[in-house]
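For reference, run-v5.cif is printed below; it contains mmCIF, C-alpha atoms.
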data_upload
loop_
_atom_site.label_atom_id
_atom_site.label_comp_id
_atom_site.auth_asym_id
_atom_site.auth_seq_id
_atom_site.Cartn_x
_atom_site.Cartn_y
_atom_site.Cartn_z
CA MET T 1 -7.42 22.04 9.65
CA LEU T 2 -8.49 25.58 10.48
CA ASN T 3 -9.62 26.66 7.04
CA LEU T 4 -12.57 24.30 6.43
CA THR T 5 -15.83 26.00 5.60
CA ILE T 6 -19.05 25.17 7.46
CA ASP T 7 -20.23 23.25 4.38
CA GLN T 8 -17.00 21.23 4.31
CA LYS T 9 -17.38 20.44 8.01
CA ILE T 10 -20.95 19.24 7.47
CA GLU T 11 -19.83 17.20 4.47
CA PHE T 12 -17.02 15.67 6.53
CA SER T 13 -19.36 14.72 9.40
CA LYS T 14 -21.67 12.99 6.92
CA LEU T 15 -18.75 11.09 5.39
CA VAL T 16 -17.58 9.96 8.83
CA LYS T 17 -21.04 8.66 9.70
CA LEU T 18 -21.27 6.91 6.35
CA ASN T 19 -17.85 5.24 6.56
CA MET T 20 -17.28 4.76 10.29
CA LYS T 21 -18.23 1.07 10.36
CA ARG T 22 -16.07 0.14 7.40
CA ALA T 23 -13.25 2.18 8.92
CA TYR T 24 -13.56 0.49 12.29
CA PHE T 25 -13.80 -3.03 10.84
CA SER T 26 -10.80 -2.40 8.60
CA ALA T 27 -8.76 -1.25 11.60
CA LEU T 28 -10.03 -4.23 13.59
CA GLY T 29 -8.67 -6.53 10.90
CA PHE T 30 -5.26 -4.91 11.24
CA LEU T 31 -5.05 -4.53 14.99
CA GLY T 32 -7.31 -7.25 16.37
CA SER T 33 -8.58 -5.26 19.33
CA HIS T 34 -11.71 -3.17 19.79
CA ASP T 35 -10.02 -0.31 21.66
CA GLU T 36 -7.07 -0.07 19.26
CA ALA T 37 -9.37 -0.24 16.23
CA MET T 38 -11.68 2.45 17.61
CA ASP T 39 -8.73 4.75 18.38
CA ALA T 40 -7.08 4.08 15.02
CA SER T 41 -10.22 4.69 12.97
CA GLN T 42 -10.89 7.97 14.83
CA ALA T 43 -7.25 9.10 14.66
CA ALA T 44 -7.28 8.48 10.91
CA PHE T 45 -10.48 10.56 10.60
CA ILE T 46 -8.75 13.37 12.51
CA ARG T 47 -5.83 13.24 10.04
CA ALA T 48 -8.29 13.13 7.15
CA TYR T 49 -10.04 16.20 8.57
CA GLY T 50 -6.68 17.99 8.63
CA SER T 51 -6.25 17.60 4.87
CA PHE T 52 -9.91 17.41 3.84
CA ASP T 53 -9.62 20.64 1.83
CA LYS T 54 -7.10 18.83 -0.40
CA PHE T 55 -9.39 15.82 -0.95
CA ASP T 56 -10.34 15.45 -4.61
CA ARG T 57 -14.15 15.25 -4.63
CA SER T 58 -14.13 13.26 -7.86
CA LYS T 59 -12.50 10.38 -5.98
CA ASN T 60 -14.01 7.93 -3.54
CA PHE T 61 -13.70 9.17 0.05
CA PHE T 62 -13.14 5.75 1.60
CA THR T 63 -10.35 4.92 -0.86
CA TRP T 64 -8.61 8.17 0.11
CA TYR T 65 -9.30 7.70 3.84
CA TYR T 66 -8.19 4.05 3.79
CA LYS T 67 -4.63 5.06 2.85
CA ILE T 68 -4.45 7.22 5.97
CA LEU T 69 -5.96 4.47 8.11
CA ARG T 70 -3.64 1.83 6.68
CA ASN T 71 -0.59 3.98 7.30
CA TYR T 72 -1.73 4.65 10.85
CA CYS T 73 -2.38 0.97 11.61
CA LEU T 74 0.97 -0.13 10.14
CA ASN T 75 2.70 2.43 12.36
CA VAL T 76 0.82 1.14 15.42
CA ILE T 77 1.88 -2.42 14.58
CA ARG T 78 5.48 -1.33 14.03
CA ASP T 79 5.65 0.87 17.14
CA ASN T 80 4.15 -1.76 19.41
CA LYS T 81 6.74 -4.25 18.16
CA LYS T 82 4.69 -7.05 19.65
CA PHE T 83 2.47 -9.65 18.14
CA ILE T 84 -1.00 -8.22 18.23
CA THR T 85 -3.48 -10.67 19.68
CA GLY T 86 -7.15 -10.20 19.79
CA ASP T 87 -10.67 -11.36 20.21
CA PHE T 88 -12.25 -9.77 17.16
CA LEU T 89 -14.53 -12.41 15.65
CA GLU T 90 -17.88 -13.77 16.68
CA TRP T 91 -20.17 -16.47 15.36
CA GLU T 92 -22.56 -15.30 12.66
CA GLU T 93 -25.30 -17.18 14.51
CA TYR T 94 -24.09 -18.10 17.96
CA PRO T 95 -24.39 -21.86 18.28
CA SER T 96 -26.15 -22.38 21.58
CA SER T 97 -25.31 -25.82 22.75
CA GLU T 98 -25.41 -27.40 26.15
CA ASP T 99 -22.68 -29.76 25.10
CA THR T 100 -19.49 -28.43 26.67
CA GLU T 101 -17.35 -30.32 24.21
CA ILE T 102 -19.07 -28.69 21.23
CA ASN T 103 -18.76 -25.26 22.82
CA LEU T 104 -15.07 -25.81 23.47
CA GLU T 105 -14.57 -26.91 19.91
CA LYS T 106 -16.35 -23.78 18.64
CA ALA T 107 -14.21 -21.59 20.89
CA GLU T 108 -11.09 -23.35 19.65
CA LEU T 109 -12.10 -22.88 16.01
CA LYS T 110 -12.73 -19.17 16.57
CA ASN T 111 -9.34 -18.87 18.23
CA ILE T 112 -7.59 -20.72 15.40
CA ILE T 113 -9.19 -18.47 12.77
CA GLU T 114 -8.27 -15.31 14.70
CA THR T 115 -4.69 -16.44 15.25
CA GLY T 116 -4.43 -17.60 11.64
CA ILE T 117 -5.61 -14.22 10.35
CA LEU T 118 -3.25 -12.30 12.62
CA GLU T 119 -0.34 -14.47 11.51
CA LEU T 120 -0.90 -13.63 7.85
CA SER T 121 1.20 -10.90 6.26
CA GLU T 122 -0.42 -7.46 6.44
CA MET T 123 -1.44 -7.53 2.78
CA ASP T 124 -2.90 -11.07 2.99
CA ARG T 125 -4.77 -10.10 6.16
CA GLU T 126 -6.17 -7.03 4.45
CA VAL T 127 -7.53 -8.92 1.46
CA ILE T 128 -9.10 -11.60 3.67
CA ILE T 129 -10.74 -9.04 5.97
CA LEU T 130 -11.97 -6.85 3.11
CA ARG T 131 -13.30 -9.71 1.00
CA GLU T 132 -14.47 -12.36 3.45
CA PHE T 133 -15.57 -10.19 6.37
CA GLN T 134 -16.51 -6.88 4.75
CA ASP T 135 -17.91 -8.33 1.52
CA MET T 136 -16.06 -5.86 -0.68
CA SER T 137 -15.86 -6.64 -4.38
CA TYR T 138 -12.53 -7.49 -6.02
CA GLN T 139 -12.76 -4.16 -7.84
CA GLU T 140 -13.20 -2.19 -4.60
CA ILE T 141 -10.28 -4.00 -2.97
CA SER T 142 -8.17 -3.37 -6.05
CA GLU T 143 -8.93 0.35 -5.84
CA ILE T 144 -8.23 0.82 -2.15
CA LEU T 145 -5.06 -1.30 -2.17
CA GLN T 146 -4.00 0.05 -5.58
CA ILE T 147 -3.18 -3.37 -6.98
CA PRO T 148 -4.64 -5.08 -10.07
CA VAL T 149 -7.82 -7.19 -9.68
CA GLY T 150 -5.89 -10.30 -10.72
CA THR T 151 -3.39 -9.69 -7.92
CA VAL T 152 -6.26 -9.31 -5.44
CA MET T 153 -7.65 -12.69 -6.55
CA SER T 154 -4.25 -14.32 -6.38
CA LYS T 155 -3.53 -12.92 -2.91
CA LEU T 156 -6.93 -14.07 -1.69
CA PHE T 157 -6.37 -17.55 -3.04
CA TYR T 158 -3.01 -17.96 -1.28
CA ALA T 159 -4.17 -16.25 1.92
CA ARG T 160 -7.08 -18.73 2.12
CA LYS T 161 -4.67 -21.59 1.53
CA LYS T 162 -2.51 -20.42 4.44
CA LEU T 163 -5.58 -20.23 6.65
CA GLY T 164 -6.69 -23.62 5.34
CA LYS T 165 -3.54 -25.24 6.71
CA LYS T 166 -4.50 -24.10 10.19
CA LEU T 167 -8.10 -25.21 9.71
CA GLU T 168 -7.38 -28.68 8.35
CA LYS T 169 -9.10 -30.35 11.31
CA TYR T 170 -12.31 -28.40 10.71
CA ILE T 171 -12.52 -28.59 6.95
CA LYS T 172 -14.63 -31.33 5.49
CA MET R 1 -1.40 -22.60 -9.58
CA LYS R 2 -1.33 -20.34 -12.63
CA GLU R 3 -3.00 -16.94 -12.30
CA ASP R 4 -5.55 -17.55 -15.07
CA LYS R 5 -6.83 -20.60 -13.19
CA ILE R 6 -6.95 -18.63 -9.92
CA ILE R 7 -9.00 -15.92 -11.64
CA ILE R 8 -11.48 -18.49 -12.99
CA LEU R 9 -11.67 -20.11 -9.54
CA GLU R 10 -12.25 -16.78 -7.76
CA LYS R 11 -14.90 -15.76 -10.25
CA TYR R 12 -16.61 -19.10 -9.69
CA LEU R 13 -16.53 -18.57 -5.90
CA SER R 14 -18.00 -15.08 -6.28
CA GLY R 15 -20.59 -16.24 -8.82
CA SER R 16 -19.36 -13.86 -11.50
CA LEU R 17 -18.34 -16.24 -14.30
CA SER R 18 -19.31 -15.25 -17.84
CA GLN R 19 -20.62 -18.01 -20.13
CA ASP R 20 -17.18 -18.46 -21.75
CA GLU R 21 -15.51 -18.57 -18.37
CA LYS R 22 -18.09 -21.06 -17.14
CA ASN R 23 -17.28 -23.33 -20.06
CA ARG R 24 -13.58 -23.01 -19.28
CA PHE R 25 -14.29 -23.73 -15.61
CA ASP R 26 -16.27 -26.90 -16.46
CA GLU R 27 -13.48 -28.00 -18.78
CA LEU R 28 -10.86 -27.51 -16.04
CA ILE R 29 -12.95 -29.41 -13.49
CA GLN R 30 -13.18 -32.35 -15.93
CA SER R 31 -9.59 -32.35 -17.09
CA ASP R 32 -7.53 -31.11 -14.14
CA PRO R 33 -7.89 -33.09 -10.88
CA ASN R 34 -5.65 -30.63 -9.01
CA PHE R 35 -7.88 -27.75 -10.02
CA LYS R 36 -10.91 -29.65 -8.71
CA ILE R 37 -9.14 -30.24 -5.38
CA GLU R 38 -8.21 -26.55 -5.13
CA VAL R 39 -11.81 -25.49 -5.83
CA GLU R 40 -13.15 -27.81 -3.12
CA GLU R 41 -10.50 -26.68 -0.65
CA GLN R 42 -11.21 -22.99 -1.24
CA GLN R 43 -14.96 -23.58 -0.98
CA ASN R 44 -14.52 -25.39 2.33
CA ILE R 45 -12.32 -22.66 3.78
CA ARG R 46 -14.85 -20.03 2.73
CA GLU R 47 -17.63 -22.03 4.36
CA VAL R 48 -15.76 -22.03 7.67
CA LEU R 49 -14.96 -18.32 7.40
CA LYS R 50 -18.57 -17.48 6.57
CA LYS R 51 -19.63 -18.77 9.96
CA MET R 52 -17.71 -15.95 11.58
CA THR R 53 -18.17 -12.21 11.51
CA LEU R 54 -16.20 -9.24 12.84
CA LYS R 55 -17.40 -8.25 16.31
CA ASN R 56 -19.80 -5.36 16.05
CA PRO R 57 -19.70 -2.81 18.90
CA SER R 58 -22.96 -1.78 20.56
CA LYS R 59 -25.39 0.68 18.97
CA GLU R 60 -24.48 3.21 21.66
CA ILE R 61 -20.85 3.25 20.47
CA TRP R 62 -21.94 3.92 16.89
CA ASP R 63 -24.39 6.61 18.01
CA ASN R 64 -21.56 8.44 19.80
CA TYR R 65 -18.86 7.78 17.21
CA TRP R 66 -19.08 11.15 15.45
CA THR R 67 -19.38 13.09 18.75
CA VAL R 68 -16.28 11.37 20.14
CA THR R 69 -14.37 11.92 16.88
CA TYR R 70 -15.45 15.57 16.75
CA ASN R 71 -14.33 16.11 20.36
CA LYS R 72 -10.94 14.66 19.47
CA ILE R 73 -10.70 16.93 16.40
CA GLU R 74 -11.60 19.93 18.57
CA ARG R 75 -8.97 19.01 21.15
CA SER R 76 -6.29 18.53 18.50
CA LEU R 77 -7.19 21.96 17.14
CA GLY R 78 -7.08 23.41 20.66
CA TRP R 79 -3.62 21.97 21.26
CA ILE R 80 -2.29 23.27 17.94
CA ILE R 81 -3.54 26.80 18.66
CA PHE R 82 -2.28 26.62 22.25
CA LEU R 83 1.20 25.49 21.13
CA ILE R 84 1.43 28.18 18.46
CA GLY R 85 0.48 30.79 21.08
CA ALA R 86 2.93 29.33 23.61
CA ILE R 87 5.77 29.40 21.06
CA ILE R 88 5.03 33.07 20.18
CA VAL R 89 4.75 34.17 23.83
CA GLY R 90 7.72 32.03 24.91
CA GLY R 91 9.88 33.31 22.05
CA TYR R 92 9.01 36.90 22.85
CA ALA R 93 9.70 36.39 26.57
CA ILE R 94 13.03 34.70 25.87
CA GLY R 95 14.04 37.54 23.51
CA GLU R 96 13.19 40.14 26.12
CA ALA R 97 14.99 38.23 28.87
CA VAL R 98 18.15 37.80 26.77
CA GLU R 99 18.16 41.47 25.86
CA LYS R 100 17.84 42.53 29.51
CA PHE R 101 20.36 39.93 30.61
CA ILE R 102 23.01 41.16 28.15
CA ALA R 103 22.31 44.81 28.94
CA ASN R 104 22.57 44.26 32.72
CA ASP R 105 25.95 45.83 33.66
CA ALA R 106 25.49 44.95 37.33
CA MET R 107 25.78 41.22 36.63
CA PRO R 108 29.32 39.76 36.78
CA ALA R 109 30.75 38.69 33.42
CA LEU R 110 31.51 35.19 34.75
CA LEU R 111 27.83 34.64 35.62
CA LYS R 112 26.85 35.83 32.14
CA TYR R 113 29.26 33.30 30.58
CA GLY R 114 27.89 30.56 32.87
CA VAL R 115 24.27 31.26 31.96
CA GLY R 116 25.26 31.53 28.29
CA ALA R 117 26.91 28.08 28.48
CA VAL R 118 23.80 26.55 30.10
CA VAL R 119 21.59 28.00 27.35
CA ILE R 120 23.91 26.94 24.50
CA GLY R 121 24.17 23.41 26.01
CA ALA R 122 20.38 23.15 26.25
CA VAL R 123 19.98 24.31 22.63
CA ILE R 124 22.53 21.71 21.44
CA LEU R 125 20.66 18.98 23.35
CA VAL R 126 17.31 19.98 21.87
CA ILE R 127 18.77 20.13 18.32
CA SER R 128 20.38 16.70 18.83
CA ILE R 129 17.08 15.15 19.95
CA PHE R 130 15.19 16.71 17.02
CA ARG R 131 17.85 15.52 14.56
CA GLU R 132 17.55 11.97 15.92
CA LYS R 133 13.75 12.10 15.56
CA ILE R 134 14.02 13.39 11.98
CA THR R 135 16.57 10.67 11.10
CA LEU R 136 14.23 7.99 12.49
CA TRP R 137 11.33 9.49 10.57
CA SER R 138 13.31 9.57 7.32
CA LYS R 139 13.94 5.82 7.70
CA ASP R 140 10.23 5.16 8.26
CA LYS R 141 9.33 2.69 5.51
CA TYR R 142 5.66 3.72 5.60
CA LYS R 143 6.23 7.47 5.31
CA GLU R 144 5.89 7.35 1.54
CA ILE R 145 2.37 6.00 1.78
CA GLN R 146 0.24 8.76 0.35
CA ARG R 147 -2.21 10.35 2.79
#
So that I can check it, write out the structure of this file as structure tokens.
Amino acid sequence: MLNLTIDQKIEFSKLVKLNMKRAYFSALGFLGSHDEAMDASQAAFIRAYGSFDKFDRSKNFFTWYYKILRNYCLNVIRDNKKFITGDFLEWEEYPSSEDTEINLEKAELKNIIETGILELSEMDREVIILREFQDMSYQEISEILQIPVGTVMSKLFYARKKLGKKLEKYIK
Amino acid sequence: MKEDKIIILEKYLSGSLSQDEKNRFDELIQSDPNFKIEVEEQQNIREVLKKMTLKNPSKEIWDNYWTVTYNKIERSLGWIIFLIGAIIVGGYAIGEAVEKFIANDAMPALLKYGVGAVVIGAVILVISIFREKITLWSKDKYKEIQR
């Protein structure tokens, strides 16, 4: 931590700025709360800073960082030993309606999706968040989770099916 | 469902089918009613999910993200240096105190034994706590995850 050069520090600050949103959203997918996700993403950057001199520059920074973040989030989940609940989704385009019933239905749908995602296994939750909410390619997900592309596709398929069971009422 | 069908389905959903795969997909849609149902179901779930997005914090939070992170890095560094210094100074002070304590002929032997017992007891307690922490850490199923 103490032996980074000025150039390495500048490089690190640029990498943080470049990856902070992806880092935060990934943590949000794990932990479901803004405060926890913000803390986790920053704590993981602090750990990454501590071993940044060992980071292989030929590799992708986010892939390397994600392992630290993932480990941190899994420890938070394990240490809290409670079901993490959260309010971490919002409507892409907020449906403004004066109809209370419609608004309640929208709120219920959002709640069902959030609960459904949080009830998935950690790996299923990761693939859903990375693919459906962060628009990462199968290849990128395969690299950061270190699983084959086919496995990513298969996990996505079954994770969606699990979510689908909760969303039956809302699916055409 | 078999993995080859899942791969074709996923590629269809992401719009990345090659011509051969497209032909295979069309063939499956025609010949396999279950496959068709799965495709429709997955499309519908995606449609619902697409309506939602992860909550994005305010611009102010993003503008301050690096500053906050840097402050935390600086504080961690400060604590590490402080603790190293405290251990060195504390160790030196303890060494000096023990030396003077042993060399003090004016102090009754019984008191020396009493103080010695308190110190040895405290050391055993500290070692016991550290051992427990290390045992818990060694059973940590995520510790092997490469950082």
Quiz prompt | Contact residues (chain R, partner chain T, 6 Å, only C-alpha atoms) as a list in words | solution =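 Here they are: Asn44, Ile45, Lys51, Met52, Thr53, Leu54, Lys55, Thr69, Ile73 and Arg147 of chain R.
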Produce a file of the selected residues containing C-alpha atoms, as an mmCIF file, in the coordinates of the input.
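again.cif was written with the following content:
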data_model
loop_
_atom_site.group_PDB
_atom_site.id
_atom_site.type_symbol
_atom_site.label_atom_id
_atom_site.label_comp_id
_atom_site.auth_asym_id
_atom_site.auth_seq_id
_atom_site.Cartn_x
_atom_site.Cartn_y
_atom_site.Cartn_z
ATOM 1 C CA ASN R 44 -14.520 -25.390 2.330
ATOM 2 C CA ILE R 45 -12.320 -22.660 3.780
ATOM 3 C CA LYS R 51 -19.630 -18.770 9.960
ATOM 4 C CA MET R 52 -17.710 -15.950 11.580
ATOM 5 C CA THR R 53 -18.170 -12.210 11.510
ATOM 6 C CA LEU R 54 -16.200 -9.240 12.840
ATOM 7 C CA LYS R 55 -17.400 -8.250 16.310
ATOM 8 C CA THR R 69 -14.370 11.920 16.880
ATOM 9 C CA ILE R 73 -10.700 16.930 16.400
ATOM 10 C CA ARG R 147 -2.210 10.350 2.790
#
Quiz item: What is the CA of Cys73 in chain T-CA of Ala40 in chain T distance in Å, reported with one decimal?
Solution: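 So the two atoms, CA of Cys73 in chain T and CA of Ala40 in chain T, lie 6.6 Å apart.
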Practice problem: Rounded to one decimal place, report the CA of Ser128 in chain R-CA of Leu77 in chain R distance in Å. | Solution: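 One can read the CA of Ser128 in chain R to CA of Leu77 in chain R distance as 28.1 Å.
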Practice problem: Evaluate the PyMOL selection byres ((chain R and resi 25) around 10) and record the selected residues as a PyMOL selection string, following the chain and residue labels used in the document. | Solution: chain R and resi 5+8-9+11-12+17+19-24+26-31+35-36
Restrict the selected residues to C-alpha atoms and save them as a PDB file, in the coordinates of the input.
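Contents of the output file again.pdb:
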ATOM      1  CA  LYS R   5      -6.830 -20.600 -13.190  1.00  0.00           C
ATOM      2  CA  ILE R   8     -11.480 -18.490 -12.990  1.00  0.00           C
ATOM      3  CA  LEU R   9     -11.670 -20.110  -9.540  1.00  0.00           C
ATOM      4  CA  LYS R  11     -14.900 -15.760 -10.250  1.00  0.00           C
ATOM      5  CA  TYR R  12     -16.610 -19.100  -9.690  1.00  0.00           C
ATOM      6  CA  LEU R  17     -18.340 -16.240 -14.300  1.00  0.00           C
ATOM      7  CA  GLN R  19     -20.620 -18.010 -20.130  1.00  0.00           C
ATOM      8  CA  ASP R  20     -17.180 -18.460 -21.750  1.00  0.00           C
ATOM      9  CA  GLU R  21     -15.510 -18.570 -18.370  1.00  0.00           C
ATOM     10  CA  LYS R  22     -18.090 -21.060 -17.140  1.00  0.00           C
ATOM     11  CA  ASN R  23     -17.280 -23.330 -20.060  1.00  0.00           C
ATOM     12  CA  ARG R  24     -13.580 -23.010 -19.280  1.00  0.00           C
ATOM     13  CA  ASP R  26     -16.270 -26.900 -16.460  1.00  0.00           C
ATOM     14  CA  GLU R  27     -13.480 -28.000 -18.780  1.00  0.00           C
ATOM     15  CA  LEU R  28     -10.860 -27.510 -16.040  1.00  0.00           C
ATOM     16  CA  ILE R  29     -12.950 -29.410 -13.490  1.00  0.00           C
ATOM     17  CA  GLN R  30     -13.180 -32.350 -15.930  1.00  0.00           C
ATOM     18  CA  SER R  31      -9.590 -32.350 -17.090  1.00  0.00           C
ATOM     19  CA  PHE R  35      -7.880 -27.750 -10.020  1.00  0.00           C
ATOM     20  CA  LYS R  36     -10.910 -29.650  -8.710  1.00  0.00           C
TER      21      LYS R  36
END
Exercise. Could you check how far CA of Leu118 in chain T sits from CA of Phe30 in chain T, in Å to one decimal?
Key: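 It comes out at 7.8 Å.
Remark: for Ala23 in chain T, the closest of the candidate residues T:Asp53, T:Leu130, T:Lys162, T:Glu101 is T:Leu130 (distances computed over all atoms listed in the file).
Closest approach to Val48 in chain R among T:Leu104, T:Leu15, T:Ile144, T:Ile112 is made by T:Ile112 (distances from all atoms listed in the file).
When all atoms listed in the file are used to compute distances to Gln139 in chain T, the closest of the residues T:Ala159, T:Ser121, T:Thr63, T:Gly116 turns out to be T:Thr63.
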